[in-house]
Structure formats: C-alpha cells, structure tokens
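Data block below; observations after.
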Amino acid sequence: MDRGMNYLYNKSTSSPLEAETVQYTFTILLQLFERAALLLMCLFVLTRLPRFKEIFQKGTYAPQELAIATMIFSLFAIFGTYSGINVEGSLVNVRIIAIVSGGILFGPWVGLITGIISGVHRFLIDIGGVTSLPCLITSITAGIVSGVIYRRTSGERRWKAGILAGMACEALTMLLILVMAQPSSLGVDIVSKIAFPMIMSQISVGLIVMLVQSVEGEKERIAAKQSKLALDIANKTLPYFRNINPESLRTICQIIKEDIGADAVAISDTRLILAYVGVGEEDYTTTNEIISEETKVTLSSGEITIRNDDSDYVNPEIKSLIIIPLKEKGEVTGALKIYYTRAHKITYSLQAMAVGLSQMISTLMEVSRVEGIKEMANKAELKALQTSINPHFLFNALNAIASSIRINPDKARELIVNLSGYMRYNLELTDEFIDIKRELQQVQQYVEIEKARFGSRLNVLYDIDEVQVRIPSLIIQPLVENAIIHGILKVRGTGTVTISVKDQGDNVRVGIRDTGAGISEETIEKVYAGNMPENKIGLFNVHQRVKLIYGTGLTIQRLDKGTNIYFDVKKEGL
C-alpha cells in the first residue's frame with residue numbers, strides 16, 4: 001500500500017522526484033571529476049620525475065617508451081574501473097578518459113592496447129553484467145579513435161578532438177546498453193541515470209591532454225636553452241676551427257667538456273681518435289685507434305648511440321654516453337662523443353643540445369676544410385689565370401677541329417696550328433712582361449678557334465698600329481673572351497668585336513669594342529668597387545692587374561649597342 005502511494009505521489013507531483021534525480025546526476029558527475037582529478041594529479045607527479053618527464057617531452061618514441069606509456073595508461077584505465085560507482089549493476093567510471101588520453105598523447109598502439117587491456121579487464125570482472133560487453137566494445141573503439149586523432153589532428157587541436165571523441169564513445173556505450181540490456185527497461189533506467197555524467201566527464205580528456213602538452217611546451221623552452229648553449233660553445237670554439245690540428249681539437253673538446261659538465265669528450269674521424277679530454281684520457285696516450293664498438297656502430301650506421309647504464313663499456317668508469325655522428329654533405333666523417341661517470345645522465349635536453357652542437361661542429365669542420373682548399377686555390381689562382389686553358393674551351397675547340405676534318409681538312413689543320421700555338425703560349429708564360437705583338441698573336445689564335453666554333457655569328461676586326469711596347473701577359477685575351485661570351489653570344493645574329501691598339505704619342509691605347517648585349521651599369525660599378533660576380537672574374541682580374549701596374553684600371557663604357565673597354569699603356573723609356 002505504501003509503495004503504491006509513493007508511486008502515485010511521485011507520478012502526480014514530479015517536481016520533488018526530478019529535483020532528486022538532478023541532484024543524483026550531479027553527484028555522480030562530481031564523483032567522476034574527483035576520480036579524473038586523481039588521474040591528473042598522478043600524471044602531474046609523473047611529469048615531474050626525470051625518467052618519465054623525458055618520455056612525455058619526446059615527439060617520437062622508442063618501443064620501450066611506448067610500452068611504458070601503455071602500462072601507465074592501462075593502469076589508469078583499470079584503476080578507473082575499480083574506482084567506478086555502481087549504478088543498477090553498471091560501473092560509472094573514468095576508464096574511457098584514460099584510454100582516449102593515452103591514444104591521443106602517444107599514438108594508436110598505446111590507445112589500442114590500452115583499450116583492449118582495460119576493456120577485457122572490465123568484461124572479465126563482470127562477465128554477464130548488463131554493461132560489461134558494451135564497455136568492452138567502446139573501450140576498444142576509444143583506443144582506435146584516439147589513434148586516428150593522433151595521426152590526423154594537429155597538436156593544438158587534439159584536446160578538443162579528445163573531448164569530442166570521449167563523449168562520442170560514451171554516447172556509443174549508452175546506445176549499446178539500450179540495445180543489449182535485458183530487460184530493456186533496465187537499460188533505459190541505467191542510461192537515464194549515468195548518460196549525462198559519463199558524457200560530460202569526458203571534458204577531463206582535454207585537461208589531461210593539455211597537461212601533458214604543457215610538459216611538451218617545456219621541451220621547446222629546453223630546446224631553446226640548449227640551442228643557445230650549443231651556439232655559445234660554437235662561438236668559443238670557432239677560432240680553433242680555423243686551423244684544425246690535434247692541439248686545436250683538444251682545446252675544442254676541453255671547452256665542450258667544461259660548458260656541458262661532461263666527464264669526458266672526444267672527437268674522432270672514421271678511423272682514429274683525433275682528441276680526447278677527461279676521464280680515461282690516459283688510455284689514448286699510446287694509441288689513437290677507435291676501439292669501442294659503440295663508436296664503430298655510429299660511424300657505420302650514421303645514427304646516434306646512447307648508453308645510459310653501460311657497465312660493459314671499454315672504460316668501466318663510464319656509465320652513460322652519447323655518440324653523435326659528424327656529417328659533411330650527408331657522409332659520416334667522424335663522431336662527437338660525450339661521456340659521464342654516472343648512469344642516466346643522457347637526458348632529452350642533453351641529447352637535443354649534443355645533436356645541435358654536432359651539426360655546428362660538422363659545419364665548422366667542413367668550412368675549415370673548404371677554407372684550406374680555398375687558400376691553396378688562391379695560391380694557384382694567378383697561375384691558373386695565366387695558363388687559362390679552360391677545359392670547356394679545349395673540349396669545344398677539339399670538337400670544332402673534329403667537325404672540320406672531313407668537310408674542310410685545310411681548315412682543320414689551320415685550327416690545330418692555332419690551338420697548339422695558343423696552348424704553347426699559355427704553358428710557357430712567366431710573370432715577365434711580353435711584347436704586345438706576341439700577346440696579339442695569342443689573341444688571334446684564340447679568335448680563330450672561336451670563329452670556327454661560332455661561324456658567321458662572330459666577326460672580328462683588327463685596328464692595330466705599329467707600336468713597340470711590352471705589356472703583362474694575358475691582359476687582352478680575357479677582354480676579347482668577355483666580349484664574345486658575354487656580349488656577342490647574348491644577342492641574335494652576327495656581332496662584331498673590334499680589337500684596337502692605337503698610338504697616342506706617350507701612350508698606347510688598347511681597346512676592345514663589341515656590338516653585343518652591352519654590359520650593365522651595375523656590373524661596371526661592381527668591377528670598380530671590387531665586388532665582382534664569379535662569372536665576370538676575368539674582367540675584374542684584368543682591371544685589378546692594370547690598375548696595380550699602371551695606376552689606373554680599365555675604362556668600361558656601355559654603348560647604345562655593345563660595350564667599349566680600353567686601357568692605356570705607357571711607352572717604354574718615357
């Protein structure tokens with residue numbers, strides 16, 4: 001009778017019942033947030049522990065690190081199940097929060113495996129329960145969905161996607177309960193009580209994701225700090241890279257050791273230890289050969305080698321090490337090795353700094369080698385300019401001769417004589433001044449070869465006075481070559497180069513005039529300013545030599561059509 005009266009009371013006066021239901025719903029919601037807050041606190045503590053913090057800061061993970069993450073979130077999910085609130089035989093819990101968070105933060109394998117482990121656990125502890133099978137299905141689904149979000153969603157949007165995914169998975173759970181529950185009225189009763197708090201509690205997914213991403217934000221700050229340290233070290237060591245030798249490399253290792261607090265630092269090439277400073281240094285006084293397998297592995301694979309608790313290392317005092325390959329143009333040329341006498345010293349931040357430092361060292365060593373080569377090239381530059389036997393010119397000249405042999409043998413013989421004379425002149429050059437007639441003979445031999453190559457496109461005129469004057473060797477031919485290559489051949493049709501040597505009383509004016517494209521004012525300014533592009537180095541070289549010898553360099557004029565270049569030579573005895 002009392003139960004019937006209560007029923008009639010509840011049915012006729014729904015407000016007290018609705019108020020009680022709302023209060024009950026919010027109570028469950030608060031309890032779920034409490035459990036989610038506990039997960040947050042546990043994660044916060046883990047992110048403060050160095051070993052775990054390093055994992056949370058990484059962007060890519062080794063298999064053992066993924067296994068640790070899977071274990072952590074699986075334990076969180078199982079804890080969520082055990083701490084669940086029993087409502088009509090169902091467990092209101094935060095398991096889905098742990099699954100979705102793990103998958104979004106660490107990838108599909110962590111999400112899927114966590115979902116399977118926690119889902120199977122939920123099913124086994126309540127086999128035959130009204131919600132056990134729906135929970136198993138949605139746990140695995142949550143793992144899959146979170147992995148998809150990890151793969152296809154940018155980092156800054158993952159927390160939002162995580163909330164929506166968690167809510168969708170819980171909505172799926174409610175739908176499956178309604179479909180599978182027997183009797184169906186029981187399913188409706190359960191869903192009416194737990195749907196809202198279960199779905200809304202998924203806001204905690206976003207909080208967990210943002211917490212871990214804030215730790216990843218620390219990674220950026222650490223990277224910036226370590227980059228600055230690497231740059232400071234590079235600045236300190238820069239002077240010692242200008243002349244690389246065992247002593248300078250040893251100084252470089254000493255600077256690195258002191259600045260990063262390492263116990264030993266070494267630099268090697270692909271065969272030998274070039275410098276070693278610190279613990280175990282005495283082992284390298286009698287031999288410089290690379291003897292550690294770790295170094296050999298790095299040199300052969302081009303990958304970083306890290307040992308954080310290496311009791312089997314060559315030197316028993318060394319407990320942790322990092323070996324980073326040094327590369328030049330993609331090829332491994334050596335290694336930078338950093339050693340510590342304590343285990344677990346190779347943190348993520350140290351690794352980031354060491355990688356940046358190794359890249360700088362690789363660049364500095366490459367620049368040092370290039371500078372060495374450049375210095376040798378500079379010493380040979382004058383001779384190269386004197387001989388000026390351009391391989392492309394020689395190749396093209398031989399091609400022109402080959403083409404003429406069958407068609408015009410006499411012309412081929414003439415070209416061979418011109419080429420041999422041209423080469424003999426270049427090979428016999430000295431730094432002494434030569435008679436201008438001999439210089440003009442070499443120019444004529446060069447011109448004949450070029451005319452054979454370019455045929456009717458090139459017309460060369462000579463306006464030569466009879467003069468007696470000596471000039472530096474190879475002072476006219478580069479100007480003629482410049483007129484042909486950068487003037488005549490830059491325009492269509494036939495072009496003319498005029499070579500003039502005019503007696504002007506006290507001086508002899510040597511001029512080269514062409515009807516080609518015309519030199520730009522910018523190029524003229526660069527020649528005069530000494531800031532010449534590489535493809536005009538011949539023109540600049542002549543200008544500098546003439547200026548050094550005669551006090552005034554070339555006079556360069558852009559014409560309406562073409563270019564005019566000349567310089568004055570004082571007559572001998574005047």
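Ligands are numbered from 1 in the order shown, residues from 1 within each chain, and chains are lettered A, B, ... in the order they appear in the structure tokens.
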
Quiz item: Got a sec: who's within 10 Å of A:Thr81, counting only C-alpha atoms, leaving out chain neighbours fewer than 3 positions off, as a list in words?
Solution: Leu75, Phe76, Ala77, Ile78, Gly84, Ile85, Leu91, Val92, Asn93, Val94, Arg95, Ile96, Ser118, Gly119, His121, Arg122 and Ile125 of chain A

Convert the current residue selection to file output with N, CA and C atoms, as a compact mmCIF listing (two decimals), in the first residue's frame.
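Writing done, so here's result_5.txt:
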```
# COMPACT_ATOMS: atom_id res chain seq x y z
N LEU A 75 47.09 1.05 -16.48
CA LEU A 75 46.87 1.06 -15.03
C LEU A 75 45.86 2.13 -14.64
N PHE A 76 45.96 3.30 -15.30
CA PHE A 76 44.96 4.35 -15.03
C PHE A 76 43.56 3.88 -15.40
N ALA A 77 43.43 3.20 -16.56
CA ALA A 77 42.12 2.74 -17.01
C ALA A 77 41.56 1.67 -16.08
N ILE A 78 42.42 0.74 -15.66
CA ILE A 78 41.97 -0.32 -14.73
C ILE A 78 41.60 0.29 -13.38
N GLY A 84 35.07 2.78 -9.96
CA GLY A 84 33.78 3.17 -10.52
C GLY A 84 32.65 3.16 -9.50
N ILE A 85 31.58 3.86 -9.83
CA ILE A 85 30.40 3.98 -8.97
C ILE A 85 29.33 3.02 -9.48
N LEU A 91 28.99 0.19 -13.85
CA LEU A 91 30.07 0.91 -13.16
C LEU A 91 30.32 2.23 -13.88
N VAL A 92 29.97 3.31 -13.22
CA VAL A 92 30.23 4.64 -13.76
C VAL A 92 31.68 4.99 -13.45
N ASN A 93 32.53 5.12 -14.49
CA ASN A 93 33.98 5.23 -14.25
C ASN A 93 34.65 6.14 -15.27
N VAL A 94 35.96 6.29 -15.10
CA VAL A 94 36.75 7.18 -15.97
C VAL A 94 37.68 6.39 -16.88
N ARG A 95 37.34 5.17 -17.17
CA ARG A 95 38.19 4.31 -17.99
C ARG A 95 38.41 4.90 -19.39
N ILE A 96 37.33 5.37 -20.02
CA ILE A 96 37.43 5.92 -21.38
C ILE A 96 38.34 7.14 -21.40
N SER A 118 42.19 -2.77 -20.86
CA SER A 118 41.20 -2.30 -19.89
C SER A 118 39.80 -2.80 -20.23
N GLY A 119 39.49 -2.94 -21.53
CA GLY A 119 38.18 -3.45 -21.93
C GLY A 119 37.99 -4.90 -21.56
N HIS A 121 39.62 -6.46 -19.22
CA HIS A 121 39.56 -6.49 -17.76
C HIS A 121 38.15 -6.15 -17.27
N ARG A 122 37.57 -5.11 -17.86
CA ARG A 122 36.20 -4.73 -17.46
C ARG A 122 35.22 -5.86 -17.73
N ILE A 125 35.78 -8.96 -15.10
CA ILE A 125 35.39 -8.80 -13.69
C ILE A 125 33.88 -8.78 -13.52
```

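You can rank A:Val279, A:Ile475, A:Ile322, A:Leu299 by their closest distance to A:Phe433 using only C-alpha atoms, and at the top of that list sits A:Ile475.
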
Self-check item: Expected answer as a list in words: strand (DSSP E) residues in stretch 416-498 of chain A
Solution: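 Strand (DSSP E) members of stretch 416-498 of chain A, listed: Ile434, Asp435, Leu458, Asn459, Val460, Leu461, Tyr462, Asp463, Ile464, Arg470, Ile471, Gly495, Thr496, Val497 and Thr498 of chain A.
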
Exercise. Please indicate the distance in Å from atom CA of A:Leu554 to atom CA of A:Lys451, rounded to one decimal place.
Key: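 Computed distance, atom CA of A:Leu554 to atom CA of A:Lys451, equals 25.8 Å.
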
Test item: residues at most 8 Å from A:Ile104, only C-alpha atoms, excluding those fewer than 6 positions along its chain, as a CSV table (one decimal) with N, CA, C and O atoms, in the first residue's frame:
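Output saved as around36.csv:
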```
chain,number,residue,atom,x,y,z
A,111,GLY,N,46.9,3.7,-27.6
A,111,GLY,CA,45.5,3.7,-27.4
A,111,GLY,C,44.8,2.4,-27.6
A,111,GLY,O,43.9,2.0,-26.8
A,146,SER,N,41.2,7.3,-30.8
A,146,SER,CA,42.2,8.2,-30.3
A,146,SER,C,43.5,8.1,-31.1
A,146,SER,O,44.2,9.1,-31.3
A,147,GLY,N,43.8,6.9,-31.6
A,147,GLY,CA,44.9,6.7,-32.5
A,147,GLY,C,44.7,7.5,-33.8
A,147,GLY,O,45.7,8.1,-34.4
A,149,ILE,N,42.9,10.2,-34.2
A,149,ILE,CA,43.1,11.6,-33.8
A,149,ILE,C,44.6,12.0,-33.7
A,149,ILE,O,45.0,13.0,-34.2
A,150,TYR,N,45.4,11.1,-33.1
A,150,TYR,CA,46.9,11.3,-33.0
A,150,TYR,C,47.5,11.5,-34.4
A,150,TYR,O,48.3,12.3,-34.6
A,158,ARG,N,44.2,18.8,-30.5
A,158,ARG,CA,43.9,17.4,-30.0
A,158,ARG,C,43.1,17.4,-28.8
A,158,ARG,O,42.3,16.5,-28.6
A,162,GLY,N,39.9,15.3,-28.5
A,162,GLY,CA,39.8,14.3,-27.4
A,162,GLY,C,38.5,14.3,-26.6
A,162,GLY,O,37.9,13.3,-26.3
A,209,VAL,N,45.2,16.1,-21.7
A,209,VAL,CA,46.0,16.3,-22.9
A,209,VAL,C,46.7,17.6,-22.8
A,209,VAL,O,47.9,17.8,-23.1
```

Exercise. Compile the contact shell of A:Gly187 as a PyMOL selection string: residues with an atom at most 10 Å away, counting only C-alpha atoms, same-chain residues fewer than 3 positions apart removed.
Key: chain A and resi 88+90+130-131+174-184+190-192

With N, CA and C atoms retained, export the selected residues as a compact mmCIF listing (two decimals), in the first residue's frame.
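again-v1.txt, written as the output of this step:
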```
# COMPACT_ATOMS: atom_id res chain seq x y z
N GLU A 88 22.86 0.53 -10.56
CA GLU A 88 21.99 -0.51 -11.14
C GLU A 88 22.79 -1.60 -11.84
N SER A 90 25.75 -1.28 -13.17
CA SER A 90 26.76 -0.73 -14.08
C SER A 90 27.79 0.02 -13.26
N VAL A 130 25.22 -6.37 -17.16
CA VAL A 130 24.41 -5.69 -18.15
C VAL A 130 25.22 -4.73 -19.01
N THR A 131 26.34 -4.19 -18.48
CA THR A 131 27.15 -3.22 -19.25
C THR A 131 28.54 -3.74 -19.60
N MET A 174 26.18 4.20 -24.16
CA MET A 174 24.77 4.32 -23.78
C MET A 174 23.87 3.65 -24.80
N LEU A 175 24.20 3.84 -26.08
CA LEU A 175 23.38 3.23 -27.15
C LEU A 175 23.45 1.71 -27.07
N LEU A 176 24.66 1.17 -26.85
CA LEU A 176 24.81 -0.29 -26.76
C LEU A 176 24.08 -0.85 -25.53
N ILE A 177 24.10 -0.11 -24.43
CA ILE A 177 23.37 -0.56 -23.23
C ILE A 177 21.87 -0.64 -23.53
N LEU A 178 21.36 0.37 -24.23
CA LEU A 178 19.94 0.37 -24.57
C LEU A 178 19.59 -0.81 -25.47
N VAL A 179 20.49 -1.14 -26.39
CA VAL A 179 20.22 -2.22 -27.34
C VAL A 179 20.38 -3.59 -26.70
N MET A 180 21.41 -3.76 -25.84
CA MET A 180 21.75 -5.08 -25.32
C MET A 180 21.13 -5.42 -23.98
N ALA A 181 20.73 -4.43 -23.21
CA ALA A 181 20.25 -4.70 -21.84
C ALA A 181 18.96 -5.51 -21.86
N GLN A 182 18.89 -6.44 -20.95
CA GLN A 182 17.68 -7.25 -20.75
C GLN A 182 17.31 -7.23 -19.27
N PRO A 183 16.14 -6.81 -18.90
CA PRO A 183 15.11 -6.28 -19.81
C PRO A 183 15.47 -4.88 -20.29
N SER A 184 14.83 -4.45 -21.32
CA SER A 184 15.14 -3.14 -21.90
C SER A 184 14.85 -2.01 -20.95
N ILE A 190 19.22 2.63 -16.45
CA ILE A 190 20.66 2.88 -16.26
C ILE A 190 21.11 4.09 -17.06
N VAL A 191 20.72 4.14 -18.34
CA VAL A 191 21.14 5.23 -19.22
C VAL A 191 20.61 6.56 -18.73
N SER A 192 19.38 6.58 -18.23
CA SER A 192 18.79 7.83 -17.75
C SER A 192 19.57 8.39 -16.57
```

Practice problem: Within 8 Å of A:Ser83, counting only C-alpha atoms, which residues show up once you throw out same-chain ones fewer than 3 positions away? Write them as an NGL selection string, please. | Solution: :A and (35 or 79-80 or 93)

Exercise. Determine, counting only C-alpha atoms, which protein, DNA and RNA residues have an atom within 12 Å of an atom of A:Lys327; residues of the same chain fewer than 3 positions away are not included. Present the result as number ranges by chain.
Key: A: 268-270, 298-304, 324, 330-336, 355, 358-366

Quiz item: Quick one: distance from atom CA of A:Gly562 to atom CA of A:Val508 in Å, one decimal?
Solution: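 Separation between atom CA of A:Gly562 and atom CA of A:Val508: 22.7 Å.
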
Exercise. Might you pull out every residue within 12 Å of A:Glu525, with only C-alpha atoms counted and same-chain residues fewer than 2 positions away left off, and present them as a VMD selection string?
Key: chain A and resid 519 to 523 527 to 533 540 554 to 558

Quiz prompt | Interatomic distance, atom CA of A:Tyr550 to atom CA of A:Val443 (Å, one decimal) | solution = 21.5 Å

Quiz prompt | Among listed residues A:Ala195, A:Ile512, A:Leu231, A:Ile252, nearest A:Phe26 (using only C-alpha atoms) | solution =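 Nearest to A:Phe26: A:Ala195.
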
Quiz item: Which of stretch 214-348 of chain A counts as alpha helix (DSSP H) under DSSP, as number ranges by chain please?
Solution: A: 214-237, 246-260, 293-301, 348

Self-check item: Residue nearest A:Asp189 - candidates A:Gly89, A:Gly495, A:Leu32, A:Gln544, atoms counted: only C-alpha atoms
Solution: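 When distances to A:Asp189 are compared using only C-alpha atoms, the smallest one comes from A:Gly89.
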
Quiz item: Looking at A:Leu458, A:Ala230, A:Ile113, A:Val467, which one is nearest to A:Lys490, with distances taken over only C-alpha atoms?
Solution: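 Smallest distance to A:Lys490 is found for A:Leu458.
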